[in-house]
>>> print(open('coords33.txt').read())   # compact mmCIF, C-alpha atoms
# COMPACT_ATOMS: atom_id res chain seq x y z
CA MET A 23 0.00 0.00 0.00
CA ALA A 24 1.35 3.43 -0.85
CA ARG A 25 2.14 5.47 2.21
CA ALA A 26 0.75 9.00 2.29
CA LEU A 27 3.47 11.61 2.06
CA LYS A 28 3.60 13.96 4.99
CA GLY A 29 5.31 17.30 5.50
CA PRO A 30 5.57 20.38 3.33
CA SER A 31 6.49 18.55 0.12
CA ALA A 32 3.19 16.71 0.25
CA ARG A 33 1.33 19.95 0.70
CA ARG A 34 2.20 21.45 -2.66
CA ALA A 35 -0.13 20.87 -5.58
CA ALA A 36 1.26 18.52 -8.20
CA VAL A 37 1.12 21.26 -10.79
CA SER A 38 4.14 21.82 -12.95
CA LEU A 39 4.98 25.49 -13.11
CA ARG A 40 7.11 25.60 -16.20
CA ASP A 41 7.54 29.36 -16.10
CA PRO A 42 6.40 30.56 -12.69
CA MET A 43 6.91 34.23 -13.57
CA ALA A 44 4.62 34.19 -16.61
CA PRO A 45 0.95 34.80 -15.86
CA ARG A 46 -1.62 32.52 -17.47
CA LEU A 47 -4.81 34.08 -18.75
CA PHE A 48 -8.01 33.48 -16.82
CA ARG A 49 -11.48 34.90 -17.17
CA VAL A 50 -13.90 35.98 -14.45
CA ARG A 51 -16.70 33.43 -14.69
CA ARG A 52 -18.68 34.64 -11.70
CA LEU A 53 -18.39 37.34 -9.06
CA ARG A 54 -20.45 37.53 -5.89
CA TRP A 55 -20.25 40.03 -3.06
CA GLU A 56 -19.86 38.45 0.36
CA THR A 57 -19.96 41.77 2.25
CA ALA A 58 -19.74 45.46 1.33
CA ASP A 59 -16.00 45.17 0.63
CA VAL A 60 -15.30 41.47 0.11
CA ALA A 61 -16.01 39.66 -3.16
CA THR A 62 -15.55 36.06 -4.29
CA PHE A 63 -14.45 35.31 -7.86
CA ASP A 64 -14.67 32.12 -9.85
CA LEU A 65 -11.89 32.19 -12.44
CA GLU A 66 -11.74 29.83 -15.40
CA PRO A 67 -8.90 29.36 -17.88
CA SER A 68 -9.19 31.62 -20.88
CA GLY A 69 -9.35 29.34 -23.90
CA ARG A 70 -9.38 25.57 -23.60
CA PRO A 71 -10.64 24.39 -20.15
CA HIS A 72 -8.03 22.56 -18.08
CA PRO A 73 -7.78 21.45 -14.46
CA CYS A 74 -6.58 24.04 -11.95
CA GLY A 75 -5.10 21.74 -9.32
CA PHE A 76 -4.13 23.16 -5.97
CA ALA A 77 -3.61 22.10 -2.38
CA PRO A 78 -5.83 23.74 0.27
CA GLY A 79 -3.93 26.69 1.71
CA GLN A 80 -1.94 27.59 -1.40
CA PHE A 81 -2.19 31.00 -3.05
CA ASN A 82 -2.10 32.54 -6.51
CA MET A 83 -0.68 35.83 -7.70
CA LEU A 84 -3.57 37.63 -9.39
CA TYR A 85 -2.56 40.24 -11.96
CA VAL A 86 -4.90 43.05 -12.95
CA PHE A 87 -3.28 44.20 -16.16
CA GLY A 88 -2.05 47.75 -15.98
CA VAL A 89 -2.57 47.95 -12.23
CA GLY A 90 -0.54 45.29 -10.47
CA GLU A 91 -0.30 41.89 -8.90
CA VAL A 92 -1.40 40.66 -5.51
CA PRO A 93 -1.15 37.34 -3.62
CA ILE A 94 -4.57 35.88 -2.81
CA SER A 95 -5.31 32.57 -1.10
CA ILE A 96 -7.29 29.99 -3.01
CA SER A 97 -10.62 29.49 -1.31
CA GLY A 98 -12.25 27.05 -3.71
CA ASP A 99 -13.26 23.45 -3.36
CA PRO A 100 -10.37 21.14 -4.32
CA GLY A 101 -13.03 18.75 -5.59
CA ALA A 102 -14.08 21.25 -8.27
CA PRO A 103 -10.73 21.66 -10.02
CA MET A 104 -11.81 23.30 -13.28
CA GLN A 105 -11.64 26.77 -11.75
CA PHE A 106 -9.87 28.88 -9.13
CA VAL A 107 -11.99 30.55 -6.48
CA HIS A 108 -10.60 33.59 -4.70
CA THR A 109 -12.13 35.77 -2.03
CA VAL A 110 -10.76 39.29 -2.12
CA HIS A 111 -10.93 42.06 0.45
CA GLN A 112 -10.74 45.60 -1.00
CA VAL A 113 -7.84 47.03 0.93
CA SER A 114 -5.39 48.27 -1.69
CA VAL A 115 -5.21 49.68 -5.21
CA VAL A 116 -4.88 46.21 -6.75
CA THR A 117 -7.56 44.51 -4.66
CA SER A 118 -9.91 47.42 -5.36
CA ALA A 119 -9.21 47.05 -9.08
CA LEU A 120 -9.84 43.32 -8.79
CA CYS A 121 -13.19 43.98 -7.17
CA ARG A 122 -14.15 46.25 -10.08
CA LEU A 123 -13.65 43.47 -12.64
CA SER A 124 -16.80 42.22 -14.26
CA ARG A 125 -17.84 38.85 -15.64
CA GLY A 126 -15.81 37.87 -18.69
CA THR A 127 -12.83 40.14 -17.90
CA THR A 128 -9.40 38.61 -18.43
CA LEU A 129 -6.71 38.72 -15.77
CA GLY A 130 -3.37 37.05 -15.17
CA VAL A 131 -2.81 34.21 -12.73
CA ARG A 132 0.54 32.85 -11.51
CA GLY A 133 0.52 29.86 -9.22
CA PRO A 134 -0.53 28.01 -7.21
CA PHE A 135 2.36 28.72 -4.90
CA GLY A 136 3.47 27.70 -1.46
CA VAL A 137 2.83 25.03 1.12
CA GLY A 138 -0.76 24.35 2.12
CA TRP A 139 -2.54 22.93 5.14
CA PRO A 140 -1.40 19.56 6.55
CA MET A 141 -4.25 17.51 5.12
CA ALA A 142 -2.33 14.20 5.31
CA GLU A 143 -1.33 14.72 8.96
CA ALA A 144 -4.91 15.74 9.72
CA GLN A 145 -6.31 12.32 8.86
CA GLY A 146 -7.48 10.48 11.96
CA GLN A 147 -7.05 13.61 14.10
CA ASP A 148 -9.53 15.94 15.77
CA LEU A 149 -9.34 19.32 14.09
CA VAL A 150 -9.87 22.84 15.38
CA LEU A 151 -10.04 25.50 12.67
CA VAL A 152 -9.73 29.06 13.93
CA ALA A 153 -10.56 31.80 11.42
CA GLY A 154 -10.66 35.55 11.84
CA GLY A 155 -12.25 37.90 9.31
CA ILE A 156 -11.08 37.22 5.75
CA GLY A 157 -8.98 34.37 7.22
CA LEU A 158 -11.92 32.05 6.64
CA ALA A 159 -11.13 32.13 2.91
CA PRO A 160 -8.05 29.84 2.98
CA LEU A 161 -9.84 27.54 5.41
CA ARG A 162 -12.88 27.21 3.16
CA SER A 163 -10.89 24.85 0.91
CA VAL A 164 -10.04 22.77 3.96
CA LEU A 165 -13.66 22.60 5.07
CA CYS A 166 -14.79 21.53 1.59
CA GLU A 167 -12.20 18.74 1.70
CA LEU A 168 -13.08 17.70 5.26
CA VAL A 169 -16.78 17.53 4.47
CA ARG A 170 -16.17 15.48 1.31
CA HIS A 171 -14.07 12.92 3.19
CA ARG A 172 -15.70 13.30 6.58
CA GLU A 173 -15.00 9.69 7.57
CA ARG A 174 -11.24 10.27 7.48
CA TYR A 175 -11.20 12.75 10.36
CA GLY A 176 -12.14 12.86 14.02
CA ARG A 177 -14.11 15.70 15.57
CA ILE A 178 -14.07 18.93 13.61
CA ALA A 179 -14.67 22.36 15.12
CA LEU A 180 -14.70 25.66 13.25
CA LEU A 181 -14.26 28.80 15.36
CA TYR A 182 -14.92 31.89 13.29
CA GLY A 183 -14.85 35.52 14.36
CA THR A 184 -15.56 38.77 12.54
CA ARG A 185 -16.15 42.39 13.49
CA SER A 186 -19.92 42.33 13.06
CA PRO A 187 -22.66 40.08 11.67
CA GLU A 188 -22.50 42.10 8.42
CA ASP A 189 -18.89 40.96 7.92
CA LEU A 190 -19.61 37.22 7.89
CA LEU A 191 -18.36 35.42 4.78
CA TYR A 192 -19.97 32.46 2.99
CA ARG A 193 -23.24 32.82 4.91
CA GLN A 194 -25.09 30.04 3.10
CA GLU A 195 -22.24 27.60 3.54
CA LEU A 196 -21.86 28.58 7.18
CA GLU A 197 -25.53 27.74 7.69
CA ARG A 198 -25.06 24.41 5.93
CA TRP A 199 -22.00 23.59 8.02
CA ARG A 200 -23.83 24.58 11.20
CA GLY A 201 -26.68 22.30 10.25
CA ARG A 202 -24.44 19.24 10.14
CA VAL A 203 -24.32 17.10 13.25
CA ASP A 204 -20.75 16.07 12.51
CA LEU A 205 -19.36 19.61 12.48
CA GLU A 206 -19.11 21.91 15.46
CA VAL A 207 -19.40 25.50 14.26
CA HIS A 208 -19.02 28.47 16.60
CA VAL A 209 -19.37 31.98 15.21
CA THR A 210 -18.66 35.14 17.13
CA VAL A 211 -18.62 38.86 16.37
CA ASP A 212 -16.94 41.75 18.18
CA ARG A 213 -20.12 43.72 18.55
CA ALA A 214 -23.73 43.32 17.51
CA ALA A 215 -27.18 44.83 17.68
CA PRO A 216 -29.75 43.11 19.94
CA GLU A 217 -31.21 41.11 17.01
CA TRP A 218 -28.02 39.03 16.81
CA ARG A 219 -28.61 35.79 18.66
CA GLY A 220 -25.10 34.42 18.36
CA HIS A 221 -21.96 34.79 20.39
CA VAL A 222 -20.29 38.16 21.01
CA GLY A 223 -16.60 38.35 21.90
CA VAL A 224 -13.26 37.83 20.18
CA VAL A 225 -12.64 34.50 18.47
CA THR A 226 -10.06 33.45 21.09
CA THR A 227 -12.85 33.25 23.70
CA LEU A 228 -14.35 30.37 21.70
CA VAL A 229 -11.35 28.10 22.19
CA ARG A 230 -12.43 27.08 25.68
CA ARG A 231 -15.81 25.97 24.31
CA VAL A 232 -14.21 23.12 22.41
CA ALA A 233 -13.36 19.91 24.25
CA MET A 234 -9.81 19.14 23.10
CA ASP A 235 -7.57 16.15 23.54
CA PRO A 236 -4.19 17.76 22.82
CA ALA A 237 -2.62 14.40 21.94
CA LYS A 238 -4.97 13.88 18.98
CA THR A 239 -5.87 17.40 17.93
CA LEU A 240 -4.43 19.59 15.19
CA ALA A 241 -5.28 23.27 14.92
CA MET A 242 -5.30 25.34 11.74
CA VAL A 243 -5.37 29.08 12.29
CA CYS A 244 -5.83 31.84 9.75
CA GLY A 245 -6.48 35.54 10.13
CA PRO A 246 -4.65 38.79 10.70
CA GLU A 247 -1.34 38.18 12.44
CA VAL A 248 -2.36 39.77 15.72
CA MET A 249 -5.38 37.48 15.90
CA MET A 250 -3.22 34.43 15.18
CA ARG A 251 -0.78 35.47 17.89
CA PHE A 252 -3.51 35.48 20.52
CA ALA A 253 -5.18 32.36 19.12
CA LEU A 254 -1.84 30.58 19.41
CA GLN A 255 -1.54 31.64 23.05
CA GLU A 256 -5.06 30.48 23.80
CA LEU A 257 -4.63 27.10 22.10
CA GLN A 258 -1.40 26.56 24.04
CA LYS A 259 -3.18 27.48 27.27
CA HIS A 260 -5.53 24.61 26.51
CA GLY A 261 -2.65 22.19 26.16
CA LEU A 262 -2.04 22.16 22.41
CA PRO A 263 1.71 22.28 21.71
CA PRO A 264 2.97 24.60 18.92
CA GLY A 265 3.98 21.50 16.96
CA ARG A 266 0.29 20.70 16.50
CA ILE A 267 -0.73 24.21 15.49
CA PHE A 268 -0.49 25.44 11.87
CA LEU A 269 -0.71 29.09 10.88
CA SER A 270 -1.31 30.66 7.49
CA MET A 271 1.13 33.56 7.35
CA GLU A 272 0.79 36.74 5.36
CA ARG A 273 3.77 38.73 4.14
CA ASN A 274 4.74 40.87 1.20
CA MET A 275 4.79 38.09 -1.41
CA HIS A 276 6.00 39.08 -4.89
CA CYS A 277 7.80 36.39 -6.87
CA GLY A 278 6.00 33.41 -5.29
CA ILE A 279 9.04 31.15 -5.48
CA GLY A 280 11.42 32.38 -2.79
CA LEU A 281 13.71 34.38 -5.07
CA CYS A 282 13.03 38.04 -4.39
CA GLY A 283 13.15 37.87 -0.59
CA HIS A 284 10.34 40.38 0.02
CA CYS A 285 8.38 37.92 2.14
CA GLN A 286 11.19 36.79 4.41
CA TYR A 287 9.96 36.16 7.94
CA GLY A 288 12.74 35.07 10.25
CA PRO A 289 14.14 31.83 8.83
CA ILE A 290 11.52 31.34 6.11
CA PHE A 291 10.28 32.81 2.87
CA VAL A 292 6.54 32.83 3.33
CA CYS A 293 5.79 32.37 -0.38
CA ARG A 294 7.94 29.24 -0.66
CA ASP A 295 8.09 27.71 2.85
CA GLY A 296 4.56 28.88 3.74
CA PRO A 297 2.05 30.38 3.71
CA VAL A 298 1.07 27.53 6.04
CA VAL A 299 3.75 27.06 8.67
CA ARG A 300 3.85 24.95 11.80
CA ALA A 301 3.82 27.27 14.78
CA ASP A 302 6.95 25.87 16.42
CA ARG A 303 9.00 27.02 13.41
CA LEU A 304 7.96 30.59 14.09
CA ALA A 305 7.68 30.58 17.88
CA ALA A 306 10.85 32.64 18.34
CA TRP A 307 9.79 35.23 15.76
CA PHE A 308 6.14 35.69 16.49
CA GLY A 309 5.32 39.10 17.92
CA LYS A 310 8.82 40.53 17.32
CA ARG A 311 8.41 44.13 16.20
CA GLU A 312 11.47 44.13 13.98
CA VAL A 313 10.43 41.14 11.85
CA MET B 27 -29.18 13.72 43.86
CA HIS B 28 -27.67 16.88 42.41
CA THR B 29 -27.11 19.35 45.21
CA LEU B 30 -25.82 22.86 44.78
CA GLU B 31 -22.48 21.70 46.24
CA THR B 32 -22.25 19.02 43.54
CA PHE B 33 -22.97 21.59 40.85
CA LEU B 34 -20.38 23.98 42.27
CA ALA B 35 -17.77 21.22 42.54
CA GLN B 36 -18.25 20.42 38.83
CA HIS B 37 -18.25 24.04 37.71
CA PRO B 38 -14.89 25.05 36.21
CA PHE B 39 -14.84 28.30 38.17
CA PHE B 40 -15.19 26.60 41.56
CA ALA B 41 -13.36 23.37 40.70
CA GLY B 42 -10.79 22.33 43.29
CA MET B 43 -12.25 24.26 46.22
CA ALA B 44 -12.52 22.41 49.54
CA PRO B 45 -15.89 20.72 50.29
CA HIS B 46 -16.51 22.89 53.36
CA GLN B 47 -15.88 26.02 51.25
CA LEU B 48 -18.33 24.82 48.61
CA GLN B 49 -20.87 24.14 51.33
CA TRP B 50 -20.47 27.71 52.58
CA LEU B 51 -20.82 29.11 49.08
CA ALA B 52 -23.87 26.97 48.31
CA ALA B 53 -25.56 28.50 51.34
CA CYS B 54 -25.43 31.86 49.54
CA ALA B 55 -26.83 30.50 46.25
CA SER B 56 -30.30 30.02 44.82
CA ASN B 57 -31.67 28.85 41.48
CA VAL B 58 -33.11 31.56 39.25
CA ARG B 59 -34.70 31.64 35.80
CA PHE B 60 -35.11 34.46 33.30
CA GLU B 61 -37.36 34.46 30.27
CA ALA B 62 -35.91 35.47 26.90
CA GLY B 63 -35.79 39.23 26.54
CA THR B 64 -35.90 40.02 30.24
CA TYR B 65 -33.03 41.73 32.00
CA LEU B 66 -31.01 40.17 34.80
CA PHE B 67 -29.85 43.65 35.75
CA HIS B 68 -29.24 47.12 34.39
CA GLU B 69 -26.26 49.44 34.44
CA GLY B 70 -26.15 51.34 37.74
CA ASP B 71 -28.14 48.72 39.68
CA ALA B 72 -26.74 47.65 43.02
CA ALA B 73 -24.53 44.60 42.49
CA ASN B 74 -26.45 42.41 44.89
CA HIS B 75 -25.83 39.18 42.97
CA PHE B 76 -23.53 37.45 40.59
CA TYR B 77 -24.48 34.43 38.52
CA ALA B 78 -23.19 31.08 37.37
CA ILE B 79 -25.02 30.41 34.09
CA ARG B 80 -26.34 26.87 33.82
CA GLN B 81 -28.33 27.19 30.61
CA GLY B 82 -29.02 29.82 27.96
CA GLN B 83 -27.20 32.90 26.80
CA VAL B 84 -26.87 36.34 28.38
CA ALA B 85 -25.92 39.45 26.38
CA LEU B 86 -24.03 42.27 28.05
CA GLU B 87 -25.21 45.49 26.49
CA ILE B 88 -24.12 49.08 26.60
CA VAL B 89 -26.54 51.84 25.77
CA ALA B 90 -25.78 55.35 24.57
CA PRO B 91 -28.59 57.91 24.23
CA GLY B 92 -29.96 58.00 20.71
CA PHE B 93 -28.34 54.71 19.68
CA GLU B 94 -29.43 51.11 19.58
CA PRO B 95 -28.00 49.05 22.45
CA ILE B 96 -24.75 47.35 21.46
CA THR B 97 -23.96 43.84 22.63
CA ILE B 98 -20.32 43.78 23.67
CA GLU B 99 -20.11 40.25 25.04
CA THR B 100 -22.23 37.16 25.45
CA LEU B 101 -21.93 34.64 28.25
CA GLU B 102 -23.17 31.09 28.21
CA GLN B 103 -23.37 27.85 30.13
CA GLY B 104 -20.34 27.52 32.40
CA ASP B 105 -19.64 31.27 32.48
CA ILE B 106 -19.69 33.52 35.53
CA LEU B 107 -21.64 36.74 35.14
CA GLY B 108 -20.74 39.73 37.29
CA TRP B 109 -17.80 40.83 39.39
CA SER B 110 -18.97 44.31 40.43
CA TRP B 111 -20.19 42.81 43.71
CA LEU B 112 -16.52 42.47 44.72
CA VAL B 113 -15.42 46.08 44.31
CA PRO B 114 -16.99 49.22 45.84
CA PRO B 115 -19.27 50.95 45.04
CA TYR B 116 -20.86 47.57 44.12
CA THR B 117 -22.82 48.80 41.11
CA LYS B 118 -23.43 47.04 37.79
CA GLN B 119 -21.49 48.33 34.77
CA PHE B 120 -23.69 47.01 31.93
CA ASP B 121 -27.17 45.81 31.13
CA ALA B 122 -27.50 42.01 31.09
CA ARG B 123 -30.28 40.62 28.86
CA ALA B 124 -31.42 37.01 28.63
CA VAL B 125 -31.11 36.17 24.91
CA ASP B 126 -33.08 32.99 25.46
CA HIS B 127 -34.43 31.14 28.47
CA VAL B 128 -31.69 31.40 31.10
CA VAL B 129 -31.23 29.17 34.12
CA ALA B 130 -28.58 30.25 36.58
CA LEU B 131 -27.38 30.11 40.13
CA ALA B 132 -27.63 33.53 41.75
CA PHE B 133 -25.16 34.21 44.54
CA ASP B 134 -26.07 36.70 47.23
CA ALA B 135 -23.26 39.26 47.20
CA ALA B 136 -23.70 40.46 50.80
CA CYS B 137 -23.67 36.85 52.03
CA PHE B 138 -20.51 36.19 49.96
CA ARG B 139 -18.71 39.27 51.22
CA ALA B 140 -19.59 38.43 54.82
CA LYS B 141 -18.24 34.87 54.44
CA CYS B 142 -15.06 36.18 52.84
CA GLU B 143 -14.54 38.57 55.76
CA GLN B 144 -15.09 35.73 58.24
CA ASP B 145 -12.82 33.29 56.43
CA PRO B 146 -9.83 35.07 54.81
CA ALA B 147 -8.59 31.82 53.24
CA LEU B 148 -11.91 31.47 51.41
CA GLY B 149 -11.86 35.17 50.58
CA TYR B 150 -8.35 34.94 49.10
CA GLU B 151 -9.22 31.83 47.11
CA LEU B 152 -12.24 33.56 45.60
CA LEU B 153 -10.28 36.72 44.97
CA LYS B 154 -7.68 34.76 42.98
CA ARG B 155 -10.39 33.16 40.89
CA PHE B 156 -12.19 36.42 40.24
CA ALA B 157 -8.87 38.17 39.46
CA ARG B 158 -8.25 35.53 36.77
CA LEU B 159 -11.76 36.06 35.41
CA ILE B 160 -11.37 39.84 35.39
CA GLY B 161 -7.99 39.44 33.66
CA GLN B 162 -9.54 37.26 30.95
CA ARG B 163 -12.35 39.75 30.37
CA LEU B 164 -9.87 42.64 30.25
CA GLN B 165 -7.71 40.80 27.73
CA ALA B 166 -10.76 40.00 25.59
CA THR B 167 -11.79 43.66 25.68
CA ARG B 168 -8.28 44.72 24.62
CA LEU B 169 -8.47 42.36 21.67
CA GLN B 170 -11.83 43.84 20.70
CA LEU B 171 -10.24 47.30 20.85
CA LEU B 172 -7.35 46.06 18.71
CA ASP B 173 -9.83 45.19 15.98
CA VAL B 174 -7.98 41.94 15.39
CA TYR B 175 -9.84 41.14 12.18
CA GLY B 176 -8.33 44.25 10.50
CA THR B 177 -6.94 43.91 7.01
CA ARG B 178 -5.70 40.89 5.18
CA PRO B 179 -5.98 41.02 1.39
>>> encode(input="coords33.txt", output="structure tokens")
Amino acid sequence: MARALKGPSARRAAVSLRDPMAPRLFRVRRLRWETADVATFDLEPSGRPHPCGFAPGQFNMLYVFGVGEVPISISGDPGAPMQFVHTVHQVSVVTSALCRLSRGTTLGVRGPFGVGWPMAEAQGQDLVLVAGGIGLAPLRSVLCELVRHRERYGRIALLYGTRSPEDLLYRQELERWRGRVDLEVHVTVDRAAPEWRGHVGVVTTLVRRVAMDPAKTLAMVCGPEVMMRFALQELQKHGLPPGRIFLSMERNMHCGIGLCGHCQYGPIFVCRDGPVVRADRLAAWFGKREV
Amino acid sequence: MHTLETFLAQHPFFAGMAPHQLQWLAACASNVRFEAGTYLFHEGDAANHFYAIRQGQVALEIVAPGFEPITIETLEQGDILGWSWLVPPYTKQFDARAVDHVVALAFDAACFRAKCEQDPALGYELLKRFARLIGQRLQATRLQLLDVYGTRP
């Protein structure tokens, strides 16, 4: 029987990038607004359809011609490989330009790049997914995969926090996931009007609501760095060692292949050695102002 | 039979306290229920009780004139609600609304303070536990102020 590969090499998509610096042409097949400033795009190859393989947690460089390029996590379902799905938050010139694209527009795509989530190590384990804000996007691919092969995993808990109920992503899917008896979904917001019947408080306060056996639990954390820092502390407080916690890091990625050095973070290049990194590799660097 | 002492012994906040201490504390406690939409207390009320929530959800709200109330935190089963009873002038800082049907243990604050004065070891033990709780709430509030979900493209 073939043994499943583990470790970062197994977490890269088996896609040959013959010329990683040359963008391939893709077309916007569908665009839907998740919130007032977050949109999800379905991108299909321009021309002859072909599979767009990726590993959950990897990212693409999206190029709006004449404006610029930006790294965006892939948030699609790995089981639907004929397209790339990206969820984009309008926070810069390029992301704003991306969000102005309409159906049928052509853009450039380089990737997928980087090391994804530890899906092989996750098999047979209990999983705690902690997402903050737009950080749910890279974990959506994981959830799609977990749901498709539910029998391969132990207990699964998603802890998701946003600023307000209006900022929740993937509302329909969230409802579907919440409706499943084999998924534990906790959603929290920082503040809410009285009509909100869910939890209020930062996402880290949800960690104690999950019964965890540290010896058989893996955590996957994604969100702004400050949120991940505190989530890491909280998970450790509940007995989970950093070696069982994976973080999706965000840095100034440009080349995507570890050449330009813009995304160096301590001992790693986030674009090549990440974006998903085991927390013990970064423990000494996390929270350092100079890094 | 489930006695109040049994409940307290199993509650994470009181876990590990000596049986005689739990017995003392149980003597200050009573079961209470609140229908959805009713208020357990309002800002400025005398902090005569604190609560251990057994069932349901409580929203802590802050109200500014001319604005809708804003929920700043929710507490659920296993949470302790209220620490103003511990610090003068013993007045509540927020409104607390039952989001759904809430079942809780209400602890009589005057009874608690009197027992703590009589038994400094019990008082210190409780103070340590409440200090931890206050620290956790303070940290959570700081994170809310940090707006930790900020920007990530």
>>> interface_residues(input="coords33.txt", of="chain A", to="chain B", cutoff="8 Å", atoms="all atoms listed in the file", output="PyMOL selection string")
chain A and resi 93-94+110-114+117+154-157+183-185+212-216+219+221-224+226-227+245-246+248-249+272
>>> residues_around(input="coords33.txt", residues="segment 58-60 of chain B", least_positions_apart="6", cutoff="10 Å", atoms="all atoms listed in the file", output="list in words")
Leu66, Tyr77, Ile79, Arg80, Gln81, Gly82, Val84, Arg123, Ala124, Val125, Asp126, His127, Val128, Val129, Ala130, Leu131, Ala132 and Phe133 of chain B
>>> residues_around(input="coords33.txt", residues="Cys285 of chain A", least_positions_apart="3", cutoff="12 Å", atoms="all atoms listed in the file", output="list in words")
Pro93, Gly136, Met271, Glu272, Arg273, Asn274, Met275, His276, Cys277, Gly278, Ile279, Gly280, Leu281, Cys282, Gly288, Pro289, Ile290, Phe291, Val292, Cys293, Arg294, Asp295, Gly296, Pro297 and Val313 of chain A
>>> closest_residue(input="coords33.txt", among="B:Ala62, B:Ala35, B:Leu51, B:Leu153", to="Trp111 of chain B", atoms="only C-alpha atoms")
B:Leu153
>>> atom_distance(input="coords33.txt", atom1="atom CA of Pro146 of chain B", atom2="atom CA of Ile160 of chain B")
20.1 Å
>>> closest_residue(input="coords33.txt", among="A:Pro42, A:Pro67, A:Gly146, A:Gly126", to="Ile178 of chain A", atoms="all atoms listed in the file")
A:Gly146
>>> residues_around(input="coords33.txt", residues="segment 254-258 of chain A", least_positions_apart="5", cutoff="8 Å", atoms="all atoms listed in the file", output="PDB file with C-alpha atoms, keeping the file's coordinate frame")
ATOM      1  CA  THR A 226     -10.060  33.450  21.090  1.00  0.00           C
ATOM      2  CA  VAL A 229     -11.350  28.100  22.190  1.00  0.00           C
ATOM      3  CA  PRO A 263       1.710  22.280  21.710  1.00  0.00           C
ATOM      4  CA  PRO A 264       2.970  24.600  18.920  1.00  0.00           C
ATOM      5  CA  ILE A 267      -0.730  24.210  15.490  1.00  0.00           C
TER       6      ILE A 267
END
>>> atom_distance(input="coords33.txt", atom1="atom CA of Asp99 of chain A", atom2="atom CA of Arg300 of chain A")
22.9 Å
>>> closest_residue(input="coords33.txt", among="A:Leu123, A:Ala159, A:Ala237, A:Val89", to="Gln147 of chain A", atoms="all atoms listed in the file")
A:Ala237
>>> closest_residue(input="coords33.txt", among="B:Leu34, B:Ala72, B:Ala53, B:Ala147", to="Pro115 of chain B", atoms="all atoms listed in the file")
B:Ala72
>>> closest_residue(input="coords33.txt", among="B:Leu164, B:Ala55, B:His37, B:Phe138", to="Asp105 of chain B", atoms="all atoms listed in the file")
B:His37
>>> closest_residue(input="coords33.txt", among="B:Cys142, B:Val89, B:Leu107, B:Ala135", to="Gly70 of chain B", atoms="all atoms listed in the file")
B:Val89
>>> axis_aligned_box(input="coords33.txt", around="segment 267-284 of chain A", padding_each_side="4 Å", output="lines of an AutoDock Vina configuration file")
center_x = 6.2
center_y = 32.5
center_z = 4.3
size_x = 23.0
size_y = 24.7
size_z = 30.4
>>> residues_near_point(input="coords33.txt", point="(-6.6, 20.3, -5.3)", cutoff="8 Å", atoms="all atoms listed in the file", output="VMD selection string")
chain A and resid 35 74 to 78 99 to 101 103
>>> residues_around(input="coords33.txt", residues="Leu48 of chain B", least_positions_apart="4", cutoff="10 Å", atoms="only C-alpha atoms", output="VMD selection string")
chain B and resid 30 to 35 40 to 44 52 to 53 148
>>> atom_distance(input="coords33.txt", atom1="atom CA of Pro134 of chain A", atom2="atom CA of Gln80 of chain A")
6.0 Å
>>> residues_around(input="coords33.txt", residues="His68 of chain B", least_positions_apart="5", cutoff="10 Å", atoms="only C-alpha atoms", output="ChimeraX atom specification")
/B:73,86-88,117-123
>>> build_atoms(input="coords33.txt", residues="segment 221-227 of chain A", atoms="N, CA, C and O atoms", output="compact mmCIF listing (two decimals), in the frame of the given file")
# COMPACT_ATOMS: atom_id res chain seq x y z
N HIS A 221 -22.96 34.46 19.38
CA HIS A 221 -21.96 34.79 20.39
C HIS A 221 -21.36 36.17 20.10
O HIS A 221 -21.21 36.55 18.95
N VAL A 222 -21.01 36.89 21.15
CA VAL A 222 -20.29 38.16 21.01
C VAL A 222 -19.02 38.09 21.86
O VAL A 222 -19.08 37.78 23.05
N GLY A 223 -17.90 38.40 21.24
CA GLY A 223 -16.60 38.35 21.90
C GLY A 223 -15.56 37.99 20.87
O GLY A 223 -15.91 37.55 19.77
N VAL A 224 -14.28 38.16 21.18
CA VAL A 224 -13.26 37.83 20.18
C VAL A 224 -13.17 36.32 20.00
O VAL A 224 -13.55 35.55 20.88
N VAL A 225 -12.63 35.92 18.86
CA VAL A 225 -12.64 34.50 18.47
C VAL A 225 -11.86 33.64 19.48
O VAL A 225 -12.17 32.46 19.69
N THR A 226 -10.86 34.23 20.13
CA THR A 226 -10.06 33.45 21.09
C THR A 226 -10.91 32.96 22.26
O THR A 226 -10.59 31.95 22.87
N THR A 227 -12.01 33.68 22.57
CA THR A 227 -12.85 33.25 23.70
C THR A 227 -13.62 31.98 23.36
O THR A 227 -14.22 31.37 24.25
